[in-house]
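Peer 1: File my_file04.pdb below, PDB, N, CA and C atoms and all ligand atoms:
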ATOM      1  N   MET D  30     -44.943  -6.966  -0.636  1.00  0.00           N
ATOM      2  CA  MET D  30     -44.115  -8.020  -0.053  1.00  0.00           C
ATOM      3  C   MET D  30     -42.719  -7.462   0.232  1.00  0.00           C
ATOM      4  N   PRO D  31     -42.336  -7.455   1.517  1.00  0.00           N
ATOM      5  CA  PRO D  31     -41.011  -6.904   1.869  1.00  0.00           C
ATOM      6  C   PRO D  31     -39.899  -7.869   1.456  1.00  0.00           C
ATOM      7  N   VAL D  32     -38.830  -7.286   0.916  1.00  0.00           N
ATOM      8  CA  VAL D  32     -37.690  -8.106   0.483  1.00  0.00           C
ATOM      9  C   VAL D  32     -36.604  -8.007   1.536  1.00  0.00           C
ATOM     10  N   ASP D  33     -36.124  -9.129   1.956  1.00  0.00           N
ATOM     11  CA  ASP D  33     -35.030  -9.170   2.926  1.00  0.00           C
ATOM     12  C   ASP D  33     -33.788  -8.541   2.287  1.00  0.00           C
ATOM     13  N   PRO D  34     -33.214  -7.503   2.899  1.00  0.00           N
ATOM     14  CA  PRO D  34     -32.046  -6.841   2.277  1.00  0.00           C
ATOM     15  C   PRO D  34     -30.872  -7.793   2.063  1.00  0.00           C
ATOM     16  N   LEU D  35     -30.805  -8.851   2.879  1.00  0.00           N
ATOM     17  CA  LEU D  35     -29.723  -9.827   2.705  1.00  0.00           C
ATOM     18  C   LEU D  35     -29.853 -10.531   1.353  1.00  0.00           C
ATOM     19  N   ASN D  36     -31.105 -10.773   0.935  1.00  0.00           N
ATOM     20  CA  ASN D  36     -31.318 -11.447  -0.348  1.00  0.00           C
ATOM     21  C   ASN D  36     -30.853 -10.591  -1.521  1.00  0.00           C
ATOM     22  N   LEU D  37     -30.896  -9.270  -1.364  1.00  0.00           N
ATOM     23  CA  LEU D  37     -30.444  -8.387  -2.436  1.00  0.00           C
ATOM     24  C   LEU D  37     -28.954  -8.570  -2.718  1.00  0.00           C
ATOM     25  N   ILE D  38     -28.220  -9.023  -1.715  1.00  0.00           N
ATOM     26  CA  ILE D  38     -26.777  -9.250  -1.903  1.00  0.00           C
ATOM     27  C   ILE D  38     -26.503 -10.709  -2.228  1.00  0.00           C
ATOM     28  N   VAL D  39     -27.178 -11.601  -1.499  1.00  0.00           N
ATOM     29  CA  VAL D  39     -26.856 -13.032  -1.621  1.00  0.00           C
ATOM     30  C   VAL D  39     -27.270 -13.580  -2.980  1.00  0.00           C
ATOM     31  N   ILE D  40     -28.464 -13.245  -3.465  1.00  0.00           N
ATOM     32  CA  ILE D  40     -28.952 -13.816  -4.725  1.00  0.00           C
ATOM     33  C   ILE D  40     -28.090 -13.384  -5.916  1.00  0.00           C
ATOM     34  N   PRO D  41     -27.792 -12.077  -6.098  1.00  0.00           N
ATOM     35  CA  PRO D  41     -26.899 -11.714  -7.223  1.00  0.00           C
ATOM     36  C   PRO D  41     -25.517 -12.348  -7.113  1.00  0.00           C
ATOM     37  N   MET D  42     -25.002 -12.474  -5.872  1.00  0.00           N
ATOM     38  CA  MET D  42     -23.684 -13.107  -5.717  1.00  0.00           C
ATOM     39  C   MET D  42     -23.745 -14.579  -6.092  1.00  0.00           C
ATOM     40  N   ALA D  43     -24.834 -15.248  -5.710  1.00  0.00           N
ATOM     41  CA  ALA D  43     -24.971 -16.662  -6.060  1.00  0.00           C
ATOM     42  C   ALA D  43     -25.053 -16.819  -7.567  1.00  0.00           C
ATOM     43  N   ILE D  44     -25.802 -15.934  -8.224  1.00  0.00           N
ATOM     44  CA  ILE D  44     -25.912 -15.991  -9.689  1.00  0.00           C
ATOM     45  C   ILE D  44     -24.551 -15.746 -10.329  1.00  0.00           C
ATOM     46  N   ALA D  45     -23.830 -14.732  -9.820  1.00  0.00           N
ATOM     47  CA  ALA D  45     -22.509 -14.424 -10.377  1.00  0.00           C
ATOM     48  C   ALA D  45     -21.551 -15.594 -10.177  1.00  0.00           C
ATOM     49  N   LEU D  46     -21.598 -16.234  -9.005  1.00  0.00           N
ATOM     50  CA  LEU D  46     -20.723 -17.379  -8.755  1.00  0.00           C
ATOM     51  C   LEU D  46     -21.048 -18.536  -9.687  1.00  0.00           C
ATOM     52  N   CYS D  47     -22.353 -18.770  -9.905  1.00  0.00           N
ATOM     53  CA  CYS D  47     -22.749 -19.842 -10.828  1.00  0.00           C
ATOM     54  C   CYS D  47     -22.238 -19.539 -12.230  1.00  0.00           C
ATOM     55  N   LEU D  48     -22.371 -18.284 -12.664  1.00  0.00           N
ATOM     56  CA  LEU D  48     -21.889 -17.894 -13.991  1.00  0.00           C
ATOM     57  C   LEU D  48     -20.379 -18.099 -14.102  1.00  0.00           C
ATOM     58  N   LEU D  49     -19.655 -17.695 -13.061  1.00  0.00           N
ATOM     59  CA  LEU D  49     -18.204 -17.862 -13.067  1.00  0.00           C
ATOM     60  C   LEU D  49     -17.826 -19.337 -13.136  1.00  0.00           C
ATOM     61  N   PHE D  50     -18.568 -20.168 -12.393  1.00  0.00           N
ATOM     62  CA  PHE D  50     -18.286 -21.596 -12.398  1.00  0.00           C
ATOM     63  C   PHE D  50     -18.495 -22.171 -13.796  1.00  0.00           C
ATOM     64  N   VAL D  51     -19.613 -21.790 -14.424  1.00  0.00           N
ATOM     65  CA  VAL D  51     -19.907 -22.286 -15.771  1.00  0.00           C
ATOM     66  C   VAL D  51     -18.827 -21.819 -16.750  1.00  0.00           C
ATOM     67  N   LEU D  52     -18.444 -20.535 -16.651  1.00  0.00           N
ATOM     68  CA  LEU D  52     -17.404 -20.011 -17.540  1.00  0.00           C
ATOM     69  C   LEU D  52     -16.077 -20.745 -17.338  1.00  0.00           C
ATOM     70  N   ALA D  53     -15.733 -21.008 -16.073  1.00  0.00           N
ATOM     71  CA  ALA D  53     -14.485 -21.714 -15.785  1.00  0.00           C
ATOM     72  C   ALA D  53     -14.534 -23.123 -16.354  1.00  0.00           C
ATOM     73  N   ALA D  54     -15.674 -23.796 -16.220  1.00  0.00           N
ATOM     74  CA  ALA D  54     -15.808 -25.154 -16.741  1.00  0.00           C
ATOM     75  C   ALA D  54     -15.683 -25.151 -18.257  1.00  0.00           C
ATOM     76  N   VAL D  55     -16.332 -24.201 -18.925  1.00  0.00           N
ATOM     77  CA  VAL D  55     -16.268 -24.110 -20.386  1.00  0.00           C
ATOM     78  C   VAL D  55     -14.833 -23.825 -20.827  1.00  0.00           C
ATOM     79  N   TYR D  56     -14.182 -22.889 -20.135  1.00  0.00           N
ATOM     80  CA  TYR D  56     -12.795 -22.549 -20.483  1.00  0.00           C
ATOM     81  C   TYR D  56     -11.891 -23.766 -20.312  1.00  0.00           C
ATOM     82  N   ASP D  57     -12.100 -24.517 -19.229  1.00  0.00           N
ATOM     83  CA  ASP D  57     -11.291 -25.694 -18.965  1.00  0.00           C
ATOM     84  C   ASP D  57     -11.448 -26.717 -20.079  1.00  0.00           C
ATOM     85  N   VAL D  58     -12.675 -26.968 -20.492  1.00  0.00           N
ATOM     86  CA  VAL D  58     -12.925 -27.950 -21.558  1.00  0.00           C
ATOM     87  C   VAL D  58     -12.272 -27.484 -22.852  1.00  0.00           C
ATOM     88  N   ILE D  59     -12.439 -26.205 -23.189  1.00  0.00           N
ATOM     89  CA  ILE D  59     -11.881 -25.681 -24.441  1.00  0.00           C
ATOM     90  C   ILE D  59     -10.361 -25.759 -24.423  1.00  0.00           C
ATOM     91  N   SER D  60      -9.747 -25.312 -23.319  1.00  0.00           N
ATOM     92  CA  SER D  60      -8.286 -25.303 -23.282  1.00  0.00           C
ATOM     93  C   SER D  60      -7.737 -26.721 -23.220  1.00  0.00           C
ATOM     94  N   PHE D  61      -8.466 -27.642 -22.580  1.00  0.00           N
ATOM     95  CA  PHE D  61      -8.002 -29.032 -22.537  1.00  0.00           C
ATOM     96  C   PHE D  61      -8.008 -29.622 -23.941  1.00  0.00           C
ATOM     97  N   ARG D  62      -9.065 -29.357 -24.682  1.00  0.00           N
ATOM     98  CA  ARG D  62      -9.151 -29.852 -26.062  1.00  0.00           C
ATOM     99  C   ARG D  62      -8.014 -29.289 -26.905  1.00  0.00           C
ATOM    100  N   ARG D  63      -7.769 -27.976 -26.743  1.00  0.00           N
ATOM    101  CA  ARG D  63      -6.724 -27.332 -27.539  1.00  0.00           C
ATOM    102  C   ARG D  63      -5.373 -27.942 -27.214  1.00  0.00           C
ATOM    103  N   ARG D  64      -5.128 -28.171 -25.896  1.00  0.00           N
ATOM    104  CA  ARG D  64      -3.866 -28.737 -25.455  1.00  0.00           C
ATOM    105  C   ARG D  64      -3.662 -30.115 -26.081  1.00  0.00           C
ATOM    106  N   LYS D  65      -4.737 -30.923 -26.081  1.00  0.00           N
ATOM    107  CA  LYS D  65      -4.623 -32.273 -26.628  1.00  0.00           C
ATOM    108  C   LYS D  65      -4.369 -32.238 -28.123  1.00  0.00           C
ATOM    109  N   SER D  66      -5.077 -31.356 -28.833  1.00  0.00           N
ATOM    110  CA  SER D  66      -4.949 -31.356 -30.283  1.00  0.00           C
ATOM    111  C   SER D  66      -3.582 -30.840 -30.718  1.00  0.00           C
ATOM    112  N   LYS D  67      -2.997 -29.951 -29.927  1.00  0.00           N
ATOM    113  CA  LYS D  67      -1.689 -29.412 -30.297  1.00  0.00           C
ATOM    114  C   LYS D  67      -0.556 -30.353 -29.956  1.00  0.00           C
ATOM    115  N   ASP D  68      -0.813 -31.336 -29.052  1.00  0.00           N
ATOM    116  CA  ASP D  68       0.207 -32.301 -28.702  1.00  0.00           C
ATOM    117  C   ASP D  68       1.424 -31.621 -28.068  1.00  0.00           C
ATOM    118  N   GLU D  69       1.194 -30.815 -27.063  1.00  0.00           N
ATOM    119  CA  GLU D  69       2.287 -30.079 -26.438  1.00  0.00           C
ATOM    120  C   GLU D  69       3.117 -30.964 -25.518  1.00  0.00           C
ATOM    121  N   SER D  70       4.378 -30.629 -25.411  1.00  0.00           N
ATOM    122  CA  SER D  70       5.262 -31.269 -24.453  1.00  0.00           C
ATOM    123  C   SER D  70       5.808 -30.192 -23.519  1.00  0.00           C
ATOM    124  N   ILE D  71       6.090 -30.606 -22.274  1.00  0.00           N
ATOM    125  CA  ILE D  71       6.615 -29.667 -21.282  1.00  0.00           C
ATOM    126  C   ILE D  71       8.083 -29.978 -21.046  1.00  0.00           C
ATOM    127  N   TYR D  72       8.888 -28.932 -21.029  1.00  0.00           N
ATOM    128  CA  TYR D  72      10.325 -29.075 -20.844  1.00  0.00           C
ATOM    129  C   TYR D  72      10.774 -28.229 -19.662  1.00  0.00           C
ATOM    130  N   ARG D  73      11.786 -28.718 -18.947  1.00  0.00           N
ATOM    131  CA  ARG D  73      12.417 -27.897 -17.910  1.00  0.00           C
ATOM    132  C   ARG D  73      13.900 -27.826 -18.222  1.00  0.00           C
ATOM    133  N   CYS D  74      14.372 -26.596 -18.270  1.00  0.00           N
ATOM    134  CA  CYS D  74      15.773 -26.392 -18.626  1.00  0.00           C
ATOM    135  C   CYS D  74      16.682 -26.906 -17.512  1.00  0.00           C
ATOM    136  N   ARG D  75      17.740 -27.635 -17.912  1.00  0.00           N
ATOM    137  CA  ARG D  75      18.666 -28.188 -16.922  1.00  0.00           C
ATOM    138  C   ARG D  75      19.566 -27.113 -16.332  1.00  0.00           C
ATOM    139  N   SER D  76      19.869 -26.092 -17.088  1.00  0.00           N
ATOM    140  CA  SER D  76      20.817 -25.108 -16.564  1.00  0.00           C
ATOM    141  C   SER D  76      20.129 -23.920 -15.894  1.00  0.00           C
ATOM    142  N   CYS D  77      18.994 -23.405 -16.444  1.00  0.00           N
ATOM    143  CA  CYS D  77      18.387 -22.222 -15.813  1.00  0.00           C
ATOM    144  C   CYS D  77      17.039 -22.519 -15.170  1.00  0.00           C
ATOM    145  N   ARG D  78      16.575 -23.788 -15.182  1.00  0.00           N
ATOM    146  CA  ARG D  78      15.349 -24.228 -14.525  1.00  0.00           C
ATOM    147  C   ARG D  78      14.090 -23.584 -15.120  1.00  0.00           C
ATOM    148  N   HIS D  79      14.203 -22.973 -16.267  1.00  0.00           N
ATOM    149  CA  HIS D  79      13.048 -22.356 -16.925  1.00  0.00           C
ATOM    150  C   HIS D  79      12.128 -23.455 -17.456  1.00  0.00           C
ATOM    151  N   ILE D  80      10.810 -23.302 -17.233  1.00  0.00           N
ATOM    152  CA  ILE D  80       9.841 -24.284 -17.709  1.00  0.00           C
ATOM    153  C   ILE D  80       9.134 -23.708 -18.928  1.00  0.00           C
ATOM    154  N   TYR D  81       9.101 -24.509 -20.005  1.00  0.00           N
ATOM    155  CA  TYR D  81       8.495 -24.035 -21.247  1.00  0.00           C
ATOM    156  C   TYR D  81       7.849 -25.195 -21.979  1.00  0.00           C
ATOM    157  N   THR D  82       7.052 -24.884 -22.986  1.00  0.00           N
ATOM    158  CA  THR D  82       6.366 -25.929 -23.747  1.00  0.00           C
ATOM    159  C   THR D  82       6.714 -25.789 -25.218  1.00  0.00           C
ATOM    160  N   GLU D  83       6.610 -26.912 -25.904  1.00  0.00           N
ATOM    161  CA  GLU D  83       6.747 -26.927 -27.355  1.00  0.00           C
ATOM    162  C   GLU D  83       5.466 -27.490 -27.931  1.00  0.00           C
ATOM    163  N   LEU D  84       5.030 -26.954 -29.044  1.00  0.00           N
ATOM    164  CA  LEU D  84       3.754 -27.381 -29.613  1.00  0.00           C
ATOM    165  C   LEU D  84       3.797 -28.818 -30.104  1.00  0.00           C
ATOM    166  N   TYR D  85       4.928 -29.250 -30.592  1.00  0.00           N
ATOM    167  CA  TYR D  85       5.016 -30.590 -31.155  1.00  0.00           C
ATOM    168  C   TYR D  85       6.032 -31.400 -30.369  1.00  0.00           C
ATOM    169  N   ARG D  86       5.781 -32.705 -30.298  1.00  0.00           N
ATOM    170  CA  ARG D  86       6.674 -33.581 -29.560  1.00  0.00           C
ATOM    171  C   ARG D  86       8.000 -33.717 -30.288  1.00  0.00           C
ATOM    172  N   THR D  87       9.028 -33.263 -29.635  1.00  0.00           N
ATOM    173  CA  THR D  87      10.361 -33.454 -30.179  1.00  0.00           C
ATOM    174  C   THR D  87      11.221 -34.004 -29.057  1.00  0.00           C
ATOM    175  N   PRO D  88      12.203 -34.845 -29.368  1.00  0.00           N
ATOM    176  CA  PRO D  88      13.037 -35.422 -28.313  1.00  0.00           C
ATOM    177  C   PRO D  88      13.846 -34.361 -27.575  1.00  0.00           C
ATOM    178  N   LEU D  89      14.186 -33.280 -28.259  1.00  0.00           N
ATOM    179  CA  LEU D  89      14.927 -32.194 -27.629  1.00  0.00           C
ATOM    180  C   LEU D  89      14.313 -30.865 -28.057  1.00  0.00           C
ATOM    181  N   ALA D  90      14.264 -29.919 -27.130  1.00  0.00           N
ATOM    182  CA  ALA D  90      13.772 -28.589 -27.472  1.00  0.00           C
ATOM    183  C   ALA D  90      14.688 -27.546 -26.850  1.00  0.00           C
ATOM    184  N   ARG D  91      14.909 -26.466 -27.598  1.00  0.00           N
ATOM    185  CA  ARG D  91      15.827 -25.425 -27.143  1.00  0.00           C
ATOM    186  C   ARG D  91      15.147 -24.503 -26.144  1.00  0.00           C
ATOM    187  N   CYS D  92      15.833 -24.214 -25.015  1.00  0.00           N
ATOM    188  CA  CYS D  92      15.301 -23.297 -24.005  1.00  0.00           C
ATOM    189  C   CYS D  92      15.247 -21.883 -24.584  1.00  0.00           C
ATOM    190  N   PRO D  93      14.105 -21.197 -24.472  1.00  0.00           N
ATOM    191  CA  PRO D  93      14.018 -19.842 -25.017  1.00  0.00           C
ATOM    192  C   PRO D  93      14.844 -18.825 -24.242  1.00  0.00           C
ATOM    193  N   LYS D  94      15.271 -19.160 -23.014  1.00  0.00           N
ATOM    194  CA  LYS D  94      16.037 -18.191 -22.226  1.00  0.00           C
ATOM    195  C   LYS D  94      17.540 -18.322 -22.425  1.00  0.00           C
ATOM    196  N   CYS D  95      18.052 -19.580 -22.386  1.00  0.00           N
ATOM    197  CA  CYS D  95      19.507 -19.724 -22.448  1.00  0.00           C
ATOM    198  C   CYS D  95      19.979 -20.536 -23.642  1.00  0.00           C
ATOM    199  N   GLY D  96      19.070 -21.211 -24.381  1.00  0.00           N
ATOM    200  CA  GLY D  96      19.470 -21.925 -25.578  1.00  0.00           C
ATOM    201  C   GLY D  96      19.905 -23.356 -25.353  1.00  0.00           C
ATOM    202  N   GLU D  97      19.839 -23.834 -24.112  1.00  0.00           N
ATOM    203  CA  GLU D  97      20.207 -25.217 -23.795  1.00  0.00           C
ATOM    204  C   GLU D  97      19.175 -26.185 -24.378  1.00  0.00           C
ATOM    205  N   GLN D  98      19.647 -27.332 -24.899  1.00  0.00           N
ATOM    206  CA  GLN D  98      18.736 -28.355 -25.393  1.00  0.00           C
ATOM    207  C   GLN D  98      18.287 -29.227 -24.236  1.00  0.00           C
ATOM    208  N   ASN D  99      16.953 -29.493 -24.140  1.00  0.00           N
ATOM    209  CA  ASN D  99      16.427 -30.245 -23.018  1.00  0.00           C
ATOM    210  C   ASN D  99      15.457 -31.326 -23.485  1.00  0.00           C
ATOM    211  N   GLU D 100      15.371 -32.383 -22.659  1.00  0.00           N
ATOM    212  CA  GLU D 100      14.414 -33.443 -22.917  1.00  0.00           C
ATOM    213  C   GLU D 100      13.102 -33.100 -22.226  1.00  0.00           C
ATOM    214  N   PRO D 101      11.958 -33.597 -22.751  1.00  0.00           N
ATOM    215  CA  PRO D 101      10.669 -33.288 -22.124  1.00  0.00           C
ATOM    216  C   PRO D 101      10.524 -33.962 -20.767  1.00  0.00           C
ATOM    217  N   ILE D 102       9.896 -33.273 -19.801  1.00  0.00           N
ATOM    218  CA  ILE D 102       9.624 -33.901 -18.507  1.00  0.00           C
ATOM    219  C   ILE D 102       8.255 -34.553 -18.551  1.00  0.00           C
ATOM    220  N   ARG D 103       7.378 -34.085 -19.430  1.00  0.00           N
ATOM    221  CA  ARG D 103       6.053 -34.704 -19.598  1.00  0.00           C
ATOM    222  C   ARG D 103       5.582 -34.435 -21.007  1.00  0.00           C
ATOM    223  N   GLN D 104       4.956 -35.458 -21.615  1.00  0.00           N
ATOM    224  CA  GLN D 104       4.476 -35.273 -22.989  1.00  0.00           C
ATOM    225  C   GLN D 104       2.978 -35.207 -23.025  1.00  0.00           C
TER
HETATM  226 ZN    ZN D 201      17.514 -22.399 -19.990  1.00  0.00          ZN
END
Would you mind writing the file's structure down as structure tokens?
Peer 2:
Amino acid sequence: MPVDPLNLIVIPMAIALCLLFVLAAVYDVISFRRRKSKDESIYRCRSCRHIYTELYRTPLARCPKCGEQNEPIRQ
């Protein structure tokens, strides 16, 4: 039975894409769970515009670049 040479490329690529999709979905679920359990907040520095996160919700967090205290933009 002759094998179409196109299938030699298309089938492994389709399998690899499916694997990548599954891995991405698993990674997304795991990282989403971790993010929720850690209760992270996102901060943007008012003076240097640096965006950073803190593991725990605090009303103010110090910018790691310039030391300015900032309020969270999203919790
Ligand atoms: Zn800053």
Peer 1: Rounded to one decimal place, report the atom CA of Phe61 of chain D-atom CA of Leu48 of chain D distance in Å.
Peer 2: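 Value for the atom CA of Phe61 of chain D-atom CA of Leu48 of chain D distance: 19.7 Å.
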Peer 1: Considering all atoms listed in the file, state which residue in the set D:Cys77, D:Leu84, D:Leu89, D:Ile71 is at the smallest distance from ligand ZN 201 (chain D).
Peer 2: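 Looking at the shortest contact to ligand ZN 201 (chain D), the residue is D:Cys77.
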Peer 1: Given the file above and the PyMOL selection byres (((not hetatm)) within 6 of (chain D and resi 201)), which residues are selected, and can you give them as a list in words?
Peer 2: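 For this structure, the PyMOL selection byres (((not hetatm)) within 6 of (chain D and resi 201)) resolves to Cys74, Arg75, Ser76, Cys77, Arg78, His79, Cys92, Pro93, Lys94, Cys95, Gly96 and Glu97 of chain D.
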Peer 1: Can you tell me, as a VMD selection string, which residues in chain D count as alpha helix (DSSP H) by DSSP?
Peer 2: chain D and resid 34 to 67
Peer 1: Atom N of Asp68 of chain D and atom C of Val55 of chain D are how many Å apart?
Peer 2: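 Calculated distance between atom N of Asp68 of chain D and atom C of Val55 of chain D is 17.9 Å.
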Peer 1: Please write the residues picked by the PyMOL selection byres (((chain D and resi 83) around 6) and not hetatm) on this file as a PyMOL selection string.
Peer 2: chain D and resi 68-72+81-82+84-86
Peer 1: Report the residues of segment 40-89 of chain D whose backbone DSSP state falls under strand (DSSP E or B), written as a PyMOL selection string.
Peer 2: chain D and resi 70-73+80-83
Peer 1: Could you tell me which of D:Ala90, D:Val39, D:Ile102, D:Ala54 comes closest to Arg73 of chain D if we count only C-alpha atoms?
Peer 2: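 Checking each candidate against Arg73 of chain D, we get D:Ile102 as the closest.
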Peer 1: Save segment 68-95 of chain D to disk from that block, N, CA and C atoms included, as a compact mmCIF listing (two decimals), in the first residue's frame.
Peer 2:
# COMPACT_ATOMS: atom_id res chain seq x y z
N ASP D 68 -3.60 33.98 45.74
CA ASP D 68 -4.27 35.24 45.98
C ASP D 68 -3.38 36.43 45.58
N GLU D 69 -2.88 36.40 44.37
CA GLU D 69 -1.98 37.46 43.92
C GLU D 69 -2.73 38.73 43.57
N SER D 70 -2.06 39.84 43.75
CA SER D 70 -2.57 41.13 43.31
C SER D 70 -1.57 41.72 42.32
N ILE D 71 -2.10 42.52 41.38
CA ILE D 71 -1.25 43.14 40.37
C ILE D 71 -1.14 44.63 40.67
N TYR D 72 0.07 45.14 40.61
CA TYR D 72 0.33 46.54 40.91
C TYR D 72 1.04 47.19 39.73
N ARG D 73 0.76 48.47 39.51
CA ARG D 73 1.53 49.23 38.52
C ARG D 73 2.09 50.45 39.23
N CYS D 74 3.39 50.59 39.07
CA CYS D 74 4.07 51.69 39.76
C CYS D 74 3.65 53.03 39.15
N ARG D 75 3.36 54.00 40.03
CA ARG D 75 2.94 55.32 39.55
C ARG D 75 4.10 56.11 38.98
N SER D 76 5.29 55.89 39.48
CA SER D 76 6.40 56.73 39.01
C SER D 76 7.18 56.08 37.87
N CYS D 77 7.43 54.74 37.90
CA CYS D 77 8.24 54.16 36.82
C CYS D 77 7.44 53.23 35.91
N ARG D 78 6.11 53.08 36.13
CA ARG D 78 5.22 52.30 35.29
C ARG D 78 5.55 50.81 35.28
N HIS D 79 6.37 50.36 36.20
CA HIS D 79 6.72 48.95 36.29
C HIS D 79 5.52 48.16 36.80
N ILE D 80 5.23 47.01 36.17
CA ILE D 80 4.10 46.18 36.59
C ILE D 80 4.66 44.97 37.33
N TYR D 81 4.09 44.73 38.53
CA TYR D 81 4.58 43.63 39.36
C TYR D 81 3.44 43.03 40.15
N THR D 82 3.68 41.88 40.75
CA THR D 82 2.63 41.22 41.53
C THR D 82 3.14 40.97 42.94
N GLU D 83 2.18 40.88 43.85
CA GLU D 83 2.47 40.48 45.22
C GLU D 83 1.67 39.24 45.52
N LEU D 84 2.24 38.33 46.26
CA LEU D 84 1.57 37.06 46.52
C LEU D 84 0.32 37.23 47.38
N TYR D 85 0.35 38.18 48.28
CA TYR D 85 -0.78 38.35 49.19
C TYR D 85 -1.38 39.73 48.99
N ARG D 86 -2.69 39.82 49.21
CA ARG D 86 -3.38 41.08 49.03
C ARG D 86 -2.98 42.05 50.13
N THR D 87 -2.37 43.12 49.71
CA THR D 87 -2.05 44.18 50.66
C THR D 87 -2.51 45.48 50.04
N PRO D 88 -2.95 46.45 50.84
CA PRO D 88 -3.43 47.71 50.28
C PRO D 88 -2.33 48.47 49.56
N LEU D 89 -1.09 48.30 49.99
CA LEU D 89 0.03 48.96 49.33
C LEU D 89 1.17 47.96 49.18
N ALA D 90 1.87 48.04 48.06
CA ALA D 90 3.03 47.18 47.86
C ALA D 90 4.17 48.01 47.28
N ARG D 91 5.38 47.70 47.73
CA ARG D 91 6.55 48.47 47.30
C ARG D 91 7.03 48.01 45.94
N CYS D 92 7.30 48.97 45.03
CA CYS D 92 7.81 48.65 43.70
C CYS D 92 9.22 48.09 43.82
N PRO D 93 9.51 46.94 43.19
CA PRO D 93 10.85 46.37 43.30
C PRO D 93 11.91 47.17 42.55
N LYS D 94 11.50 48.08 41.65
CA LYS D 94 12.49 48.84 40.89
C LYS D 94 12.85 50.16 41.55
N CYS D 95 11.82 50.92 42.01
CA CYS D 95 12.13 52.25 42.54
C CYS D 95 11.73 52.42 43.99
